[in-house]
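Notes follow once the structure below has been shown.
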Amino acid sequence: MHSFKQTRRDFLTHAGAAGTLLCAPALASVSSAFASNPVVLEARTGTARLLEAPGKPTSIWGYGGSVPGPVLRVKQGDEIWLRLKNSLTQPTTIHWHGIRIDNAMDGVAGLTQQPVPPGETFDYKFKVPDAGTFWYHPHNRSWEQMARGLYGALIVEEPEAPDVDQDIVAIADDWRLDKDGAIHEKSFDSLFDRSHAGRLGNVLSVNGKPKEEFPVRSGQRIRLRLINTCNSRILKLRFEDLNPLVIALDGQPVAPHALKHGTLDIAPAQRTDLLIDMTGAPGTTQAITEVSQGRVEIAMFVYNQLTPVPLRTSQFRLQENSLRQPVIASARKVDLIMTGGAMGRVDKITYRGKRYDITQLVREHGQMWAFNGNAGMPEEPLFSARPGESIAVRMVNDTRWPHAMHFHGHHFREAHGGAPWRDTLLVDTGETRTVYLVADNPGKWMIHCHMLEHQAGGMASWFEVKG
Ligand code: C2O
Ligand code: CU
């Protein structure tokens with residue numbers, strides 16, 4: 001049994017151990033590393049132990065050859081400089097999910113940059129305006145590249161460190177593996193997955209491991225930064241008899257509150273920061289379980305033998321980032337009507353300017369979802385905003401499936417009191433949700449479903465903010 005008092009610094013060297021230890025220890029460090037030289041993120045092949053022994057290792061694609069890629073920790077307001085080196089056999093890019101970034105650095109192949117060919121590099125240099133939990137992943141054939149393991153955490157630290165004993169990153173993913181532990185490649189373009197719930201895996205991992213362990217001491221207060229990097233699974237997490245408080249969603253602080261019915265639902269691409277007081281006894285364990293399909297223990301808190309430290313009684317609250325408040329009353333209204341998919345209403349869908357019956361569109365182009373009757377990236381933006389204009393997007397889910405709707409370059413909120421800022425909102429089947437944002441970041445920004453097969457099957461559009 002180790003008996004160490006884990007300090008924040010210890011933790012940094014542990015965090016995302018798969019990433020940091022296997023590729024480049026320097027990468028996990030903070031800002032100063034970025035100042036005058038780029039930090040290189042090499043997208044390449046590697047292996048991961050996703051199955052418990054005696055299961056075979058899995059060939060993956062990862063940043064630095066590991067999954068997840070290195071945890072990038074920077075300070076709010078920093079300018080960071082990262083060099084993508086593409087050692088894959090496919091073109092790729094990196095998108096910095098949730099960062100209110102310079103448009104040219106947003107990493108969307110075909111909209112904000114050309115995809116980076118194999119063997120080439122691309123420099124991303126940008127400021128991080130908001131503190132919080134963010135992540136990075138490719139934005140080219142993302143349904144395949146992310147299913148193969150290309151993703152990592154981007155943590156932007158508050159200027160003053162909040163009062164916790166540990167700051168832990170937990171990236172949860174599901175994988176579709178065959179009996180030999182190999183990634184199931186034949187189904188990458190499966191029309192069934194595209195038209196139904198997306199690619200759901202049969203193996204879950206946290207930080208690239210079948211059952212991640214978090215060493216803790218009884219009485220500690222921890223911040224757990226959960227990131228769902230599944231292609232399409234909505235994770236449902238339980239925490240045994242712990243009582244986590246939600247303190248941030250998609251990187252943005254919220255008034256601390258308990259989980260509804262003790263379960264945390266977290267849709268693809270969403271993040272939830274939890275504050276947990278570790279109330280278990282020394283020498284015991286507590287599991288995090290995933291219950292969307294059966295019950296799987298995906299991670300363990302492992303208490304050391306040290307005598308408990310006293311539980312904190314202080315209130316905890318993160319400082320909000322400064323986002324501009326949309327003006328609800330005068331916001332310009334934009335409709336985004338989702339149709340198509342399996343068991344959806346059959347109507348005509350436009351694709352690249354041509355009208356199709358859905359069956360013909362599936363057969364010829366593998367497309368079956370639409371926003372406002374259009375599949376795939378349209379020529380014309382969903383809306384074009386004056387800088388600083390408040391926009392209300394009414395999202396109507398007229399399909400038989402939930403969708404994780406993501407807007408680039410901006411965070412949005414619903415109108416009711418206390419509605420959180422988000423960058424990805426789960427819109428359930430039959431639901432209508434209206435979100436408000438201030439279009440204050442110039443450029444061309446994607447809106448899409450983050451269930452990556454739905455995106456591939458047509459759920460993609462964009463909006464423009466004039467410079
Ligand atoms: Cu996580 Cu279009 O992005
Ligand atoms: Cu969707």
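The way I read the labels, and the way they are meant: chains A, B, ... in the order of the structure tokens, residue 1 as the first residue of every chain, and ligand 1 as the first ligand shown, with later ones counted on from there.
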
How close does chain A get to ligand 1? List, as a tab-separated table, each residue of chain A within 10 Å, its nearest atom pair and the distance in Å to one decimal, counting only C-alpha atoms and all ligand atoms.
residue	atom	partner	partner_atom_place_in_ligand_line	distance
A:Ile94	CA	ligand 1	3 (O)	9.6
A:His95	CA	ligand 1	3 (O)	6.6
A:Trp96	CA	ligand 1	1 (Cu)	7.3
A:His97	CA	ligand 1	1 (Cu)	4.7
A:Gly98	CA	ligand 1	1 (Cu)	7.4
A:Asp106	CA	ligand 1	2 (Cu)	8.9
A:Gly107	CA	ligand 1	2 (Cu)	8.8
A:Val108	CA	ligand 1	2 (Cu)	7.2
A:Phe134	CA	ligand 1	1 (Cu)	9.5
A:Trp135	CA	ligand 1	1 (Cu)	7.7
A:Tyr136	CA	ligand 1	1 (Cu)	7.2
A:His137	CA	ligand 1	1 (Cu)	6.6
A:Pro138	CA	ligand 1	1 (Cu)	8.2
A:His139	CA	ligand 1	2 (Cu)	6.5
A:Asn140	CA	ligand 1	2 (Cu)	9.6
A:Ser142	CA	ligand 1	3 (O)	8.7
A:Met146	CA	ligand 1	1 (Cu)	10.0
A:Tyr151	CA	ligand 1	1 (Cu)	9.6
A:Thr229	CA	ligand 1	1 (Cu)	8.6
A:Pro268	CA	ligand 1	1 (Cu)	8.5
A:Ala269	CA	ligand 1	1 (Cu)	5.7
A:Gln270	CA	ligand 1	1 (Cu)	8.7
A:Met405	CA	ligand 1	2 (Cu)	9.4
A:His406	CA	ligand 1	2 (Cu)	6.6
A:Phe407	CA	ligand 1	2 (Cu)	7.2
A:His408	CA	ligand 1	2 (Cu)	6.3
A:Gly409	CA	ligand 1	2 (Cu)	9.6
A:Asp423	CA	ligand 1	1 (Cu)	9.2
A:Thr424	CA	ligand 1	1 (Cu)	8.6
A:Trp445	CA	ligand 1	2 (Cu)	8.8
A:Met446	CA	ligand 1	2 (Cu)	6.3
A:Ile447	CA	ligand 1	2 (Cu)	7.0
A:His448	CA	ligand 1	2 (Cu)	6.4
A:Cys449	CA	ligand 1	2 (Cu)	8.1
A:His450	CA	ligand 1	3 (O)	6.4
A:Met451	CA	ligand 1	1 (Cu)	9.7
A:Leu452	CA	ligand 1	3 (O)	9.0
A:Gln455	CA	ligand 1	2 (Cu)	9.0
A:Ala460	CA	ligand 1	2 (Cu)	9.0

Please dump the current selection as a short mmCIF file (atom, residue, chain, number, x, y, z; two decimals), in the first residue's frame; keep N, CA, C and O atoms.
data_model
loop_
_atom_site.label_atom_id
_atom_site.label_comp_id
_atom_site.auth_asym_id
_atom_site.auth_seq_id
_atom_site.Cartn_x
_atom_site.Cartn_y
_atom_site.Cartn_z
N ILE A 94 -6.84 19.40 -35.81
CA ILE A 94 -7.25 19.38 -34.40
C ILE A 94 -8.23 20.52 -34.15
O ILE A 94 -7.98 21.68 -34.50
N HIS A 95 -9.34 20.15 -33.54
CA HIS A 95 -10.35 21.11 -33.08
C HIS A 95 -10.26 21.18 -31.55
O HIS A 95 -10.10 20.16 -30.89
N TRP A 96 -10.34 22.41 -31.03
CA TRP A 96 -10.18 22.64 -29.59
C TRP A 96 -11.57 22.88 -29.03
O TRP A 96 -12.05 24.00 -29.00
N HIS A 97 -12.19 21.81 -28.64
CA HIS A 97 -13.63 21.83 -28.36
C HIS A 97 -13.98 22.70 -27.16
O HIS A 97 -13.51 22.47 -26.05
N GLY A 98 -14.84 23.68 -27.41
CA GLY A 98 -15.35 24.54 -26.34
C GLY A 98 -14.55 25.82 -26.13
O GLY A 98 -14.99 26.70 -25.40
N ASP A 106 -9.68 27.01 -35.42
CA ASP A 106 -10.76 26.14 -34.94
C ASP A 106 -10.65 24.71 -35.45
O ASP A 106 -11.31 23.80 -34.93
N GLY A 107 -9.85 24.50 -36.48
CA GLY A 107 -9.52 23.13 -36.88
C GLY A 107 -10.58 22.36 -37.65
O GLY A 107 -10.53 21.13 -37.69
N VAL A 108 -11.52 23.07 -38.28
CA VAL A 108 -12.57 22.36 -39.01
C VAL A 108 -12.16 22.21 -40.48
O VAL A 108 -12.14 23.19 -41.23
N PHE A 134 -11.82 21.55 -21.10
CA PHE A 134 -12.04 21.50 -22.53
C PHE A 134 -11.33 20.26 -23.09
O PHE A 134 -10.70 19.53 -22.34
N TRP A 135 -11.45 20.05 -24.38
CA TRP A 135 -10.74 18.90 -24.94
C TRP A 135 -10.42 19.11 -26.40
O TRP A 135 -10.86 20.11 -26.99
N TYR A 136 -9.63 18.25 -26.95
CA TYR A 136 -9.22 18.40 -28.35
C TYR A 136 -9.38 17.08 -29.08
O TYR A 136 -9.28 16.01 -28.51
N HIS A 137 -9.68 17.22 -30.38
CA HIS A 137 -9.93 16.02 -31.20
C HIS A 137 -9.88 16.41 -32.67
O HIS A 137 -9.95 17.61 -32.99
N PRO A 138 -9.79 15.47 -33.58
CA PRO A 138 -9.75 15.81 -35.01
C PRO A 138 -11.11 16.31 -35.49
O PRO A 138 -12.14 16.00 -34.90
N HIS A 139 -11.10 17.07 -36.57
CA HIS A 139 -12.35 17.46 -37.22
C HIS A 139 -12.28 17.14 -38.69
O HIS A 139 -12.56 17.95 -39.56
N ASN A 140 -11.84 15.91 -38.97
CA ASN A 140 -11.84 15.38 -40.32
C ASN A 140 -12.07 13.88 -40.15
O ASN A 140 -11.35 13.25 -39.38
N SER A 142 -14.04 12.54 -38.33
CA SER A 142 -13.93 12.42 -36.88
C SER A 142 -14.59 11.15 -36.36
O SER A 142 -14.16 10.60 -35.36
N MET A 146 -11.79 9.61 -34.10
CA MET A 146 -12.03 9.60 -32.66
C MET A 146 -12.31 8.20 -32.16
O MET A 146 -11.92 7.84 -31.04
N TYR A 151 -7.92 11.87 -29.12
CA TYR A 151 -8.53 12.90 -28.28
C TYR A 151 -7.68 13.09 -27.03
O TYR A 151 -6.89 12.22 -26.66
N THR A 229 -15.92 11.30 -24.41
CA THR A 229 -15.37 11.30 -25.77
C THR A 229 -15.95 10.17 -26.62
O THR A 229 -15.40 9.83 -27.67
N PRO A 268 -22.27 12.89 -25.54
CA PRO A 268 -20.99 12.99 -26.24
C PRO A 268 -20.51 14.44 -26.33
O PRO A 268 -21.29 15.33 -26.63
N ALA A 269 -19.23 14.62 -26.02
CA ALA A 269 -18.52 15.91 -26.07
C ALA A 269 -18.76 16.80 -24.87
O ALA A 269 -18.06 17.79 -24.68
N GLN A 270 -19.77 16.48 -24.05
CA GLN A 270 -20.01 17.32 -22.88
C GLN A 270 -18.97 17.05 -21.80
O GLN A 270 -18.37 15.98 -21.74
N MET A 405 -26.28 18.61 -29.60
CA MET A 405 -26.06 19.73 -30.51
C MET A 405 -24.94 20.64 -30.02
O MET A 405 -24.99 21.19 -28.93
N HIS A 406 -23.94 20.78 -30.89
CA HIS A 406 -22.74 21.53 -30.53
C HIS A 406 -22.56 22.73 -31.45
O HIS A 406 -22.69 22.62 -32.65
N PHE A 407 -22.26 23.88 -30.85
CA PHE A 407 -21.96 25.11 -31.59
C PHE A 407 -20.48 25.41 -31.39
O PHE A 407 -19.98 25.34 -30.27
N HIS A 408 -19.80 25.78 -32.44
CA HIS A 408 -18.39 26.14 -32.33
C HIS A 408 -18.21 27.63 -31.96
O HIS A 408 -19.02 28.47 -32.34
N GLY A 409 -17.11 27.88 -31.26
CA GLY A 409 -16.65 29.26 -31.04
C GLY A 409 -17.47 30.09 -30.07
O GLY A 409 -17.12 31.24 -29.80
N ASP A 423 -21.71 24.39 -24.47
CA ASP A 423 -21.35 24.37 -25.89
C ASP A 423 -21.97 23.17 -26.59
O ASP A 423 -21.92 23.07 -27.81
N THR A 424 -22.53 22.24 -25.81
CA THR A 424 -23.15 21.04 -26.37
C THR A 424 -24.40 20.74 -25.56
O THR A 424 -24.32 20.59 -24.33
N TRP A 445 -18.46 29.26 -38.26
CA TRP A 445 -18.51 28.32 -37.15
C TRP A 445 -19.47 27.18 -37.44
O TRP A 445 -20.58 27.39 -37.87
N MET A 446 -19.05 26.00 -37.12
CA MET A 446 -19.91 24.84 -37.34
C MET A 446 -20.96 24.70 -36.25
O MET A 446 -20.73 25.05 -35.10
N ILE A 447 -22.10 24.15 -36.66
CA ILE A 447 -23.12 23.64 -35.72
C ILE A 447 -23.35 22.21 -36.17
O ILE A 447 -23.59 21.97 -37.36
N HIS A 448 -23.28 21.27 -35.25
CA HIS A 448 -23.54 19.90 -35.67
C HIS A 448 -23.95 19.04 -34.50
O HIS A 448 -23.81 19.45 -33.35
N CYS A 449 -24.45 17.86 -34.83
CA CYS A 449 -24.70 16.87 -33.79
C CYS A 449 -23.36 16.23 -33.47
O CYS A 449 -22.62 15.85 -34.37
N HIS A 450 -23.03 16.12 -32.17
CA HIS A 450 -21.76 15.51 -31.78
C HIS A 450 -21.85 14.00 -31.66
O HIS A 450 -20.91 13.34 -31.21
N MET A 451 -23.00 13.44 -32.02
CA MET A 451 -23.03 12.00 -32.23
C MET A 451 -22.45 11.86 -33.63
O MET A 451 -23.06 12.27 -34.63
N LEU A 452 -21.23 11.38 -33.68
CA LEU A 452 -20.41 11.62 -34.87
C LEU A 452 -20.95 10.94 -36.11
O LEU A 452 -20.73 11.41 -37.22
N GLN A 455 -23.52 13.28 -37.47
CA GLN A 455 -22.83 14.35 -38.19
C GLN A 455 -22.42 13.86 -39.58
O GLN A 455 -22.66 14.51 -40.59
N ALA A 460 -25.08 18.57 -40.04
CA ALA A 460 -24.00 19.55 -39.99
C ALA A 460 -24.44 20.82 -40.69
O ALA A 460 -25.07 20.79 -41.73
#

Please extract the residues at most 12 Å from ligand 2, counting only C-alpha atoms and all ligand atoms, and provide them as an mmCIF file with N, CA, C and O atoms, in the first residue's frame, using the chain letters and residue numbers of this document.
data_model
loop_
_atom_site.group_PDB
_atom_site.id
_atom_site.type_symbol
_atom_site.label_atom_id
_atom_site.label_comp_id
_atom_site.auth_asym_id
_atom_site.auth_seq_id
_atom_site.Cartn_x
_atom_site.Cartn_y
_atom_site.Cartn_z
ATOM 1 N N ASP A 193 -25.544 2.281 -38.101
ATOM 2 C CA ASP A 193 -25.125 3.166 -37.003
ATOM 3 C C ASP A 193 -25.493 4.621 -37.304
ATOM 4 O O ASP A 193 -26.003 5.336 -36.449
ATOM 5 N N ARG A 194 -25.209 5.020 -38.515
ATOM 6 C CA ARG A 194 -25.495 6.407 -38.889
ATOM 7 C C ARG A 194 -26.955 6.780 -38.709
ATOM 8 O O ARG A 194 -27.267 7.881 -38.295
ATOM 9 N N SER A 195 -27.830 5.848 -39.072
ATOM 10 C CA SER A 195 -29.248 6.202 -39.088
ATOM 11 C C SER A 195 -29.938 5.925 -37.761
ATOM 12 O O SER A 195 -31.075 6.335 -37.559
ATOM 13 N N HIS A 196 -29.264 5.204 -36.857
ATOM 14 C CA HIS A 196 -29.856 4.912 -35.546
ATOM 15 C C HIS A 196 -29.118 5.699 -34.458
ATOM 16 O O HIS A 196 -28.969 6.885 -34.572
ATOM 17 N N ALA A 197 -28.639 4.990 -33.430
ATOM 18 C CA ALA A 197 -28.060 5.686 -32.264
ATOM 19 C C ALA A 197 -26.589 6.020 -32.428
ATOM 20 O O ALA A 197 -25.949 6.489 -31.484
ATOM 21 N N GLY A 198 -26.003 5.767 -33.605
ATOM 22 C CA GLY A 198 -24.572 6.007 -33.765
ATOM 23 C C GLY A 198 -23.776 4.769 -33.386
ATOM 24 O O GLY A 198 -24.340 3.722 -33.064
ATOM 25 N N ARG A 199 -22.459 4.917 -33.430
ATOM 26 C CA ARG A 199 -21.582 3.790 -33.117
ATOM 27 C C ARG A 199 -21.488 3.656 -31.601
ATOM 28 O O ARG A 199 -20.882 4.480 -30.920
ATOM 29 N N ASN A 231 -18.144 8.325 -29.342
ATOM 30 C CA ASN A 231 -18.715 8.790 -30.604
ATOM 31 C C ASN A 231 -20.184 9.168 -30.410
ATOM 32 O O ASN A 231 -20.628 10.198 -30.900
ATOM 33 N N SER A 232 -20.938 8.322 -29.716
ATOM 34 C CA SER A 232 -22.386 8.548 -29.671
ATOM 35 C C SER A 232 -23.082 8.163 -28.371
ATOM 36 O O SER A 232 -24.264 8.439 -28.230
ATOM 37 N N ARG A 233 -22.368 7.532 -27.447
ATOM 38 C CA ARG A 233 -23.059 7.063 -26.239
ATOM 39 C C ARG A 233 -23.289 8.198 -25.239
ATOM 40 O O ARG A 233 -22.373 8.956 -24.915
ATOM 41 N N ILE A 234 -24.513 8.257 -24.744
ATOM 42 C CA ILE A 234 -24.817 9.151 -23.620
ATOM 43 C C ILE A 234 -24.481 8.360 -22.362
ATOM 44 O O ILE A 234 -25.133 7.360 -22.053
ATOM 45 N N ALA A 267 -23.668 13.671 -22.258
ATOM 46 C CA ALA A 267 -23.784 13.362 -23.685
ATOM 47 C C ALA A 267 -22.414 13.475 -24.351
ATOM 48 O O ALA A 267 -21.498 14.090 -23.802
ATOM 49 N N PRO A 268 -22.265 12.893 -25.539
ATOM 50 C CA PRO A 268 -20.991 12.987 -26.243
ATOM 51 C C PRO A 268 -20.510 14.435 -26.331
ATOM 52 O O PRO A 268 -21.295 15.335 -26.631
ATOM 53 N N ALA A 269 -19.234 14.625 -26.021
ATOM 54 C CA ALA A 269 -18.522 15.914 -26.075
ATOM 55 C C ALA A 269 -18.760 16.805 -24.869
ATOM 56 O O ALA A 269 -18.059 17.795 -24.684
ATOM 57 N N MET A 338 -34.646 19.516 -36.927
ATOM 58 C CA MET A 338 -33.945 18.269 -37.228
ATOM 59 C C MET A 338 -34.955 17.239 -37.724
ATOM 60 O O MET A 338 -35.976 17.013 -37.068
ATOM 61 N N THR A 339 -34.634 16.635 -38.874
ATOM 62 C CA THR A 339 -35.492 15.563 -39.393
ATOM 63 C C THR A 339 -34.621 14.424 -39.906
ATOM 64 O O THR A 339 -33.393 14.547 -39.981
ATOM 65 N N GLY A 340 -35.295 13.338 -40.260
ATOM 66 C CA GLY A 340 -34.610 12.204 -40.871
ATOM 67 C C GLY A 340 -34.266 11.128 -39.869
ATOM 68 O O GLY A 340 -34.819 11.047 -38.778
ATOM 69 N N GLY A 341 -33.333 10.254 -40.270
ATOM 70 C CA GLY A 341 -32.930 9.145 -39.418
ATOM 71 C C GLY A 341 -33.918 7.998 -39.474
ATOM 72 O O GLY A 341 -34.981 8.087 -40.085
ATOM 73 N N ALA A 342 -33.527 6.900 -38.824
ATOM 74 C CA ALA A 342 -34.383 5.720 -38.829
ATOM 75 C C ALA A 342 -35.714 6.030 -38.156
ATOM 76 O O ALA A 342 -35.749 6.710 -37.132
ATOM 77 N N MET A 368 -28.791 10.778 -44.375
ATOM 78 C CA MET A 368 -30.190 10.533 -43.991
ATOM 79 C C MET A 368 -30.720 11.463 -42.910
ATOM 80 O O MET A 368 -31.818 11.284 -42.415
ATOM 81 N N TRP A 369 -29.934 12.486 -42.542
ATOM 82 C CA TRP A 369 -30.407 13.449 -41.543
ATOM 83 C C TRP A 369 -30.396 14.831 -42.166
ATOM 84 O O TRP A 369 -29.584 15.102 -43.056
ATOM 85 N N ALA A 370 -31.251 15.695 -41.650
ATOM 86 C CA ALA A 370 -31.270 17.063 -42.194
ATOM 87 C C ALA A 370 -31.508 18.105 -41.113
ATOM 88 O O ALA A 370 -32.178 17.849 -40.121
ATOM 89 N N PHE A 371 -30.916 19.262 -41.315
ATOM 90 C CA PHE A 371 -31.267 20.483 -40.587
ATOM 91 C C PHE A 371 -32.014 21.366 -41.589
ATOM 92 O O PHE A 371 -31.475 21.659 -42.658
ATOM 93 N N ASN A 397 -36.355 18.919 -32.338
ATOM 94 C CA ASN A 397 -35.937 17.556 -32.666
ATOM 95 C C ASN A 397 -37.138 16.753 -33.140
ATOM 96 O O ASN A 397 -37.837 16.128 -32.355
ATOM 97 N N ASP A 398 -37.344 16.773 -34.453
ATOM 98 C CA ASP A 398 -38.452 16.034 -35.049
ATOM 99 C C ASP A 398 -37.919 14.691 -35.582
ATOM 100 O O ASP A 398 -38.143 14.344 -36.730
ATOM 101 N N THR A 399 -37.167 13.999 -34.757
ATOM 102 C CA THR A 399 -36.645 12.671 -35.120
ATOM 103 C C THR A 399 -36.886 11.723 -33.951
ATOM 104 O O THR A 399 -37.308 12.150 -32.880
ATOM 105 N N ARG A 400 -36.585 10.475 -34.137
ATOM 106 C CA ARG A 400 -36.822 9.484 -33.090
ATOM 107 C C ARG A 400 -35.588 9.255 -32.223
ATOM 108 O O ARG A 400 -35.519 8.285 -31.481
ATOM 109 N N TRP A 401 -34.599 10.119 -32.299
ATOM 110 C CA TRP A 401 -33.336 9.931 -31.591
ATOM 111 C C TRP A 401 -32.917 11.216 -30.884
ATOM 112 O O TRP A 401 -33.236 12.303 -31.368
ATOM 113 N N PRO A 402 -32.211 11.101 -29.769
ATOM 114 C CA PRO A 402 -31.675 12.311 -29.141
ATOM 115 C C PRO A 402 -30.454 12.809 -29.927
ATOM 116 O O PRO A 402 -29.788 12.018 -30.610
ATOM 117 N N HIS A 403 -30.168 14.088 -29.828
ATOM 118 C CA HIS A 403 -29.013 14.659 -30.526
ATOM 119 C C HIS A 403 -28.244 15.603 -29.605
ATOM 120 O O HIS A 403 -28.845 16.383 -28.870
ATOM 121 N N ALA A 404 -26.922 15.507 -29.681
ATOM 122 C CA ALA A 404 -26.038 16.327 -28.837
ATOM 123 C C ALA A 404 -25.558 17.506 -29.673
ATOM 124 O O ALA A 404 -24.560 17.433 -30.385
ATOM 125 N N MET A 405 -26.280 18.611 -29.595
ATOM 126 C CA MET A 405 -26.058 19.731 -30.511
ATOM 127 C C MET A 405 -24.939 20.642 -30.019
ATOM 128 O O MET A 405 -24.994 21.195 -28.932
ATOM 129 N N HIS A 406 -23.941 20.780 -30.885
ATOM 130 C CA HIS A 406 -22.738 21.526 -30.535
ATOM 131 C C HIS A 406 -22.561 22.731 -31.446
ATOM 132 O O HIS A 406 -22.691 22.616 -32.655
ATOM 133 N N THR A 424 -22.531 22.244 -25.812
ATOM 134 C CA THR A 424 -23.153 21.043 -26.372
ATOM 135 C C THR A 424 -24.401 20.744 -25.557
ATOM 136 O O THR A 424 -24.323 20.593 -24.334
ATOM 137 N N LEU A 425 -25.553 20.692 -26.215
ATOM 138 C CA LEU A 425 -26.816 20.486 -25.511
ATOM 139 C C LEU A 425 -27.508 19.240 -26.042
ATOM 140 O O LEU A 425 -27.664 19.078 -27.252
ATOM 141 N N LEU A 426 -27.929 18.391 -25.133
ATOM 142 C CA LEU A 426 -28.662 17.200 -25.553
ATOM 143 C C LEU A 426 -30.122 17.578 -25.777
ATOM 144 O O LEU A 426 -30.792 18.046 -24.857
ATOM 145 N N VAL A 427 -30.587 17.376 -27.000
ATOM 146 C CA VAL A 427 -31.985 17.674 -27.332
ATOM 147 C C VAL A 427 -32.669 16.341 -27.580
ATOM 148 O O VAL A 427 -32.349 15.628 -28.531
ATOM 149 N N ASP A 428 -33.584 16.009 -26.715
ATOM 150 C CA ASP A 428 -34.193 14.686 -26.759
ATOM 151 C C ASP A 428 -35.214 14.585 -27.887
ATOM 152 O O ASP A 428 -35.662 15.598 -28.428
ATOM 153 N N THR A 429 -35.574 13.347 -28.196
ATOM 154 C CA THR A 429 -36.549 13.132 -29.254
ATOM 155 C C THR A 429 -37.865 13.855 -28.929
ATOM 156 O O THR A 429 -38.342 13.807 -27.798
ATOM 157 N N ILE A 447 -22.105 24.152 -36.656
ATOM 158 C CA ILE A 447 -23.119 23.638 -35.725
ATOM 159 C C ILE A 447 -23.353 22.205 -36.172
ATOM 160 O O ILE A 447 -23.586 21.969 -37.358
ATOM 161 N N HIS A 448 -23.275 21.273 -35.253
ATOM 162 C CA HIS A 448 -23.539 19.896 -35.671
ATOM 163 C C HIS A 448 -23.949 19.039 -34.498
ATOM 164 O O HIS A 448 -23.812 19.448 -33.348
ATOM 165 N N CYS A 449 -24.454 17.859 -34.830
ATOM 166 C CA CYS A 449 -24.700 16.875 -33.785
ATOM 167 C C CYS A 449 -23.357 16.230 -33.467
ATOM 168 O O CYS A 449 -22.618 15.847 -34.370
ATOM 169 N N HIS A 450 -23.033 16.119 -32.169
ATOM 170 C CA HIS A 450 -21.757 15.513 -31.783
ATOM 171 C C HIS A 450 -21.854 14.002 -31.656
ATOM 172 O O HIS A 450 -20.913 13.345 -31.212
ATOM 173 N N MET A 451 -22.995 13.440 -32.020
ATOM 174 C CA MET A 451 -23.034 12.003 -32.230
ATOM 175 C C MET A 451 -22.455 11.859 -33.632
ATOM 176 O O MET A 451 -23.058 12.269 -34.626
ATOM 177 N N LEU A 452 -21.228 11.378 -33.679
ATOM 178 C CA LEU A 452 -20.407 11.621 -34.872
ATOM 179 C C LEU A 452 -20.949 10.938 -36.107
ATOM 180 O O LEU A 452 -20.730 11.406 -37.220
ATOM 181 N N GLU A 453 -21.684 9.846 -35.923
ATOM 182 C CA GLU A 453 -22.301 9.184 -37.073
ATOM 183 C C GLU A 453 -23.454 10.030 -37.610
ATOM 184 O O GLU A 453 -23.713 10.027 -38.810
ATOM 185 N N HIS A 454 -24.154 10.723 -36.717
ATOM 186 C CA HIS A 454 -25.220 11.611 -37.189
ATOM 187 C C HIS A 454 -24.623 12.778 -37.971
ATOM 188 O O HIS A 454 -25.153 13.186 -39.001
ATOM 189 N N GLN A 455 -23.522 13.280 -37.474
ATOM 190 C CA GLN A 455 -22.831 14.354 -38.194
ATOM 191 C C GLN A 455 -22.423 13.855 -39.585
ATOM 192 O O GLN A 455 -22.656 14.513 -40.591
ATOM 193 N N ALA A 456 -21.841 12.654 -39.608
ATOM 194 C CA ALA A 456 -21.409 12.083 -40.891
ATOM 195 C C ALA A 456 -22.602 11.839 -41.810
ATOM 196 O O ALA A 456 -22.479 11.903 -43.033
ATOM 197 N N GLY A 457 -23.769 11.558 -41.215
ATOM 198 C CA GLY A 457 -24.963 11.256 -41.999
ATOM 199 C C GLY A 457 -25.786 12.488 -42.346
ATOM 200 O O GLY A 457 -26.905 12.355 -42.828
ATOM 201 N N GLY A 458 -25.246 13.675 -42.086
ATOM 202 C CA GLY A 458 -25.916 14.877 -42.575
ATOM 203 C C GLY A 458 -26.156 15.981 -41.569
ATOM 204 O O GLY A 458 -26.471 17.102 -41.953
ATOM 205 N N MET A 459 -26.028 15.702 -40.245
ATOM 206 C CA MET A 459 -26.381 16.726 -39.252
ATOM 207 C C MET A 459 -25.249 17.726 -39.052
ATOM 208 O O MET A 459 -24.544 17.692 -38.037
ATOM 209 N N ALA A 460 -25.076 18.573 -40.040
ATOM 210 C CA ALA A 460 -23.996 19.552 -39.993
ATOM 211 C C ALA A 460 -24.439 20.825 -40.689
ATOM 212 O O ALA A 460 -25.068 20.789 -41.732
#

Item to check | Residue neighbourhood Ala392 in chain A, 7 Å, only C-alpha atoms, exclusion window fewer than 5 positions, as a PyMOL selection string | outcome: chain A and resi 331-334+434-437

Checklist entry - Mind checking DSSP for range 114-248 of chain A and telling me the strand (DSSP E) residues as a VMD selection string? => result chain A and resid 121 to 127 132 to 137 152 to 157 166 to 175 203 to 206 212 to 216 221 to 228 235 to 238 245 to 248

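Among the candidates A:Asp167, A:Leu204, A:Phe192, A:Arg386, the residue lying nearest to Gly294 in chain A is A:Leu204 (atoms considered: only C-alpha atoms).
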
Checklist entry - Looking at A:Pro70, A:Asp241, A:Asp163, A:Ile288, which one is nearest to Asn207 in chain A, with distances taken over only C-alpha atoms? => result A:Pro70

List every residue of range 290-342 of chain A that has an atom at most 12 Å from any atom of range 119-129 of chain A, and for each one report the closest atom pair and its distance in Å to one decimal, counting only C-alpha atoms, with rows sorted by chain and then by increasing residue number, as a tab-separated table.
residue	atom	partner	partner_atom	distance
A:Glu320	CA	A:Pro129	CA	11.7
A:Asn321	CA	A:Pro129	CA	8.1
A:Ser322	CA	A:Pro129	CA	8.6
A:Leu323	CA	A:Pro129	CA	9.6

Written file, previous selection with N, CA and C atoms, as a compact mmCIF listing (two decimals), in the first residue's frame:
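Written out: result.txt:
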# COMPACT_ATOMS: atom_id res chain seq x y z
N GLU A 320 -16.96 32.81 -12.27
CA GLU A 320 -17.48 32.70 -13.65
C GLU A 320 -16.54 33.32 -14.67
N ASN A 321 -16.56 32.78 -15.87
CA ASN A 321 -15.85 33.41 -16.98
C ASN A 321 -16.69 34.58 -17.47
N SER A 322 -16.04 35.50 -18.19
CA SER A 322 -16.86 36.63 -18.64
C SER A 322 -17.39 36.40 -20.04
N LEU A 323 -18.62 35.93 -20.08
CA LEU A 323 -19.31 35.75 -21.35
C LEU A 323 -20.37 36.83 -21.45
